[in-house]
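Peer 1: Mind looking over this structure? Questions follow.
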Amino acid sequence: MPRRFNFLRVPLFRLLAINLAAGVTLATLVVGGLLALNPGGLRHLIFADSSPGTALGLLLFGFVVTFGSAAMGTAIMAMGRAADDEERRGPPAPVARPARALAQARHSR
């Protein structure tokens with residue numbers, strides 16, 4: 001009997017699935033918050049329609065695509081970096097010194 005390939009055993013697919021679930025959860029919370037707050041009469045507009053499920057589905061789909069892809073993209077971009085990777089790249093940042101120290105340095109020359 002052939003063995004099925006389990007996608008959740010592959011670390012990349014597991015990472016993407018976890019972050020997609022986080023994006024879906026956040027999208028659901030945002031849509032719920034929009035319905036609870038009712039900005040501009042949005043809740044009344046949706047539920048006064050003859051098919052509110054279609055409007056809710058489209059609204060939720062848009063947020064799922066947005067937040068799910070943002071969470072997955074962030075996870076992919078952060079993969080190559082270790083958690084303790086604080087090595088600076090580029091030229092060093094200038095250090096601010098008090099004006100009094102600058103004046104004393106000029107007079108001592």
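Naming scheme: A, B, ... for chains in displayed order of the structure tokens; residues 1 onward per chain; ligands 1 onward as shown.
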List as a list in words the protein and nucleic acid residues near A:Pro11, meaning an atom at most 12 Å away when only C-alpha atoms are counted, but skip any in the same chain fewer than 6 places from it.

Peer 2: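 Close residues of A:Pro11: Ala17, Ile18, Ile76 and Met79 of chain A.
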
Peer 1: Using only C-alpha atoms for the distances, tell me which of A:Met72, A:Leu16, A:Ala78, A:Leu35 is nearest to A:Leu59.

Peer 2: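 Looking at the shortest contact to A:Leu59, the residue is A:Leu35.
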
Peer 1: Nearest to A:Thr66 among A:Leu15, A:Val10, A:Leu26, A:Ala96, with distances taken over only C-alpha atoms: which residue is it?

Peer 2: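 For A:Thr66, the nearest of the candidates is A:Leu26.
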
Peer 1: When you draw a straight line from atom CA of A:Ala27 to atom CA of A:Val64, how long is it in Å?

Peer 2: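 Separation of atom CA of A:Ala27 and atom CA of A:Val64: 5.3 Å.
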
Peer 1: Could you check which of A:Phe63, A:Ser50, A:Asn6, A:Ala71 is closest to A:Gly32, using only C-alpha atoms?

Peer 2: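 So, comparing all the options, the nearest one is A:Phe63.
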
Peer 1: Could you tell me which of A:Leu8, A:Leu29, A:Met77, A:Val24 comes closest to A:Phe61 if we count only C-alpha atoms?

Peer 2: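 The shortest atom-to-atom distance to A:Phe61 comes from A:Val24.
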
Peer 1: If we count only C-alpha atoms, what is near A:Arg43 at a cut-off of 12 Å, once residues fewer than 2 positions away on the same chain are taken out, given as a list in words?

Peer 2: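 Here the answer would be Val31, Gly32, Gly33, Leu34, Leu35, Ala36, Leu37, Asn38, Pro39, Gly40, Gly41, Leu45, Ile46, Phe47, Ala48, Asp49, Pro52, Ala55, Leu56 and Leu59 of chain A.
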
Peer 1: Figure out the distance between atom CA of A:Leu58 and atom CA of A:Ala21, please, to one decimal in Å.

Peer 2: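 Those two atoms sit 18.1 Å apart.
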
Peer 1: For each of A:Gly23, A:Gly53, A:Gly62, A:Pro94, take the minimum atom-to-atom distance to A:Thr74, counting only C-alpha atoms, then give the residue where this is smallest.

Peer 2: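 Once distances to A:Thr74 are computed over only C-alpha atoms, the minimum belongs to A:Gly23.
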
Peer 1: Once DSSP has gone over the backbone, tell me which residues of stretch 21-83 of chain A are in alpha helix (DSSP H), as a ChimeraX atom specification.

Peer 2: /A:21-37,42-47,52-77
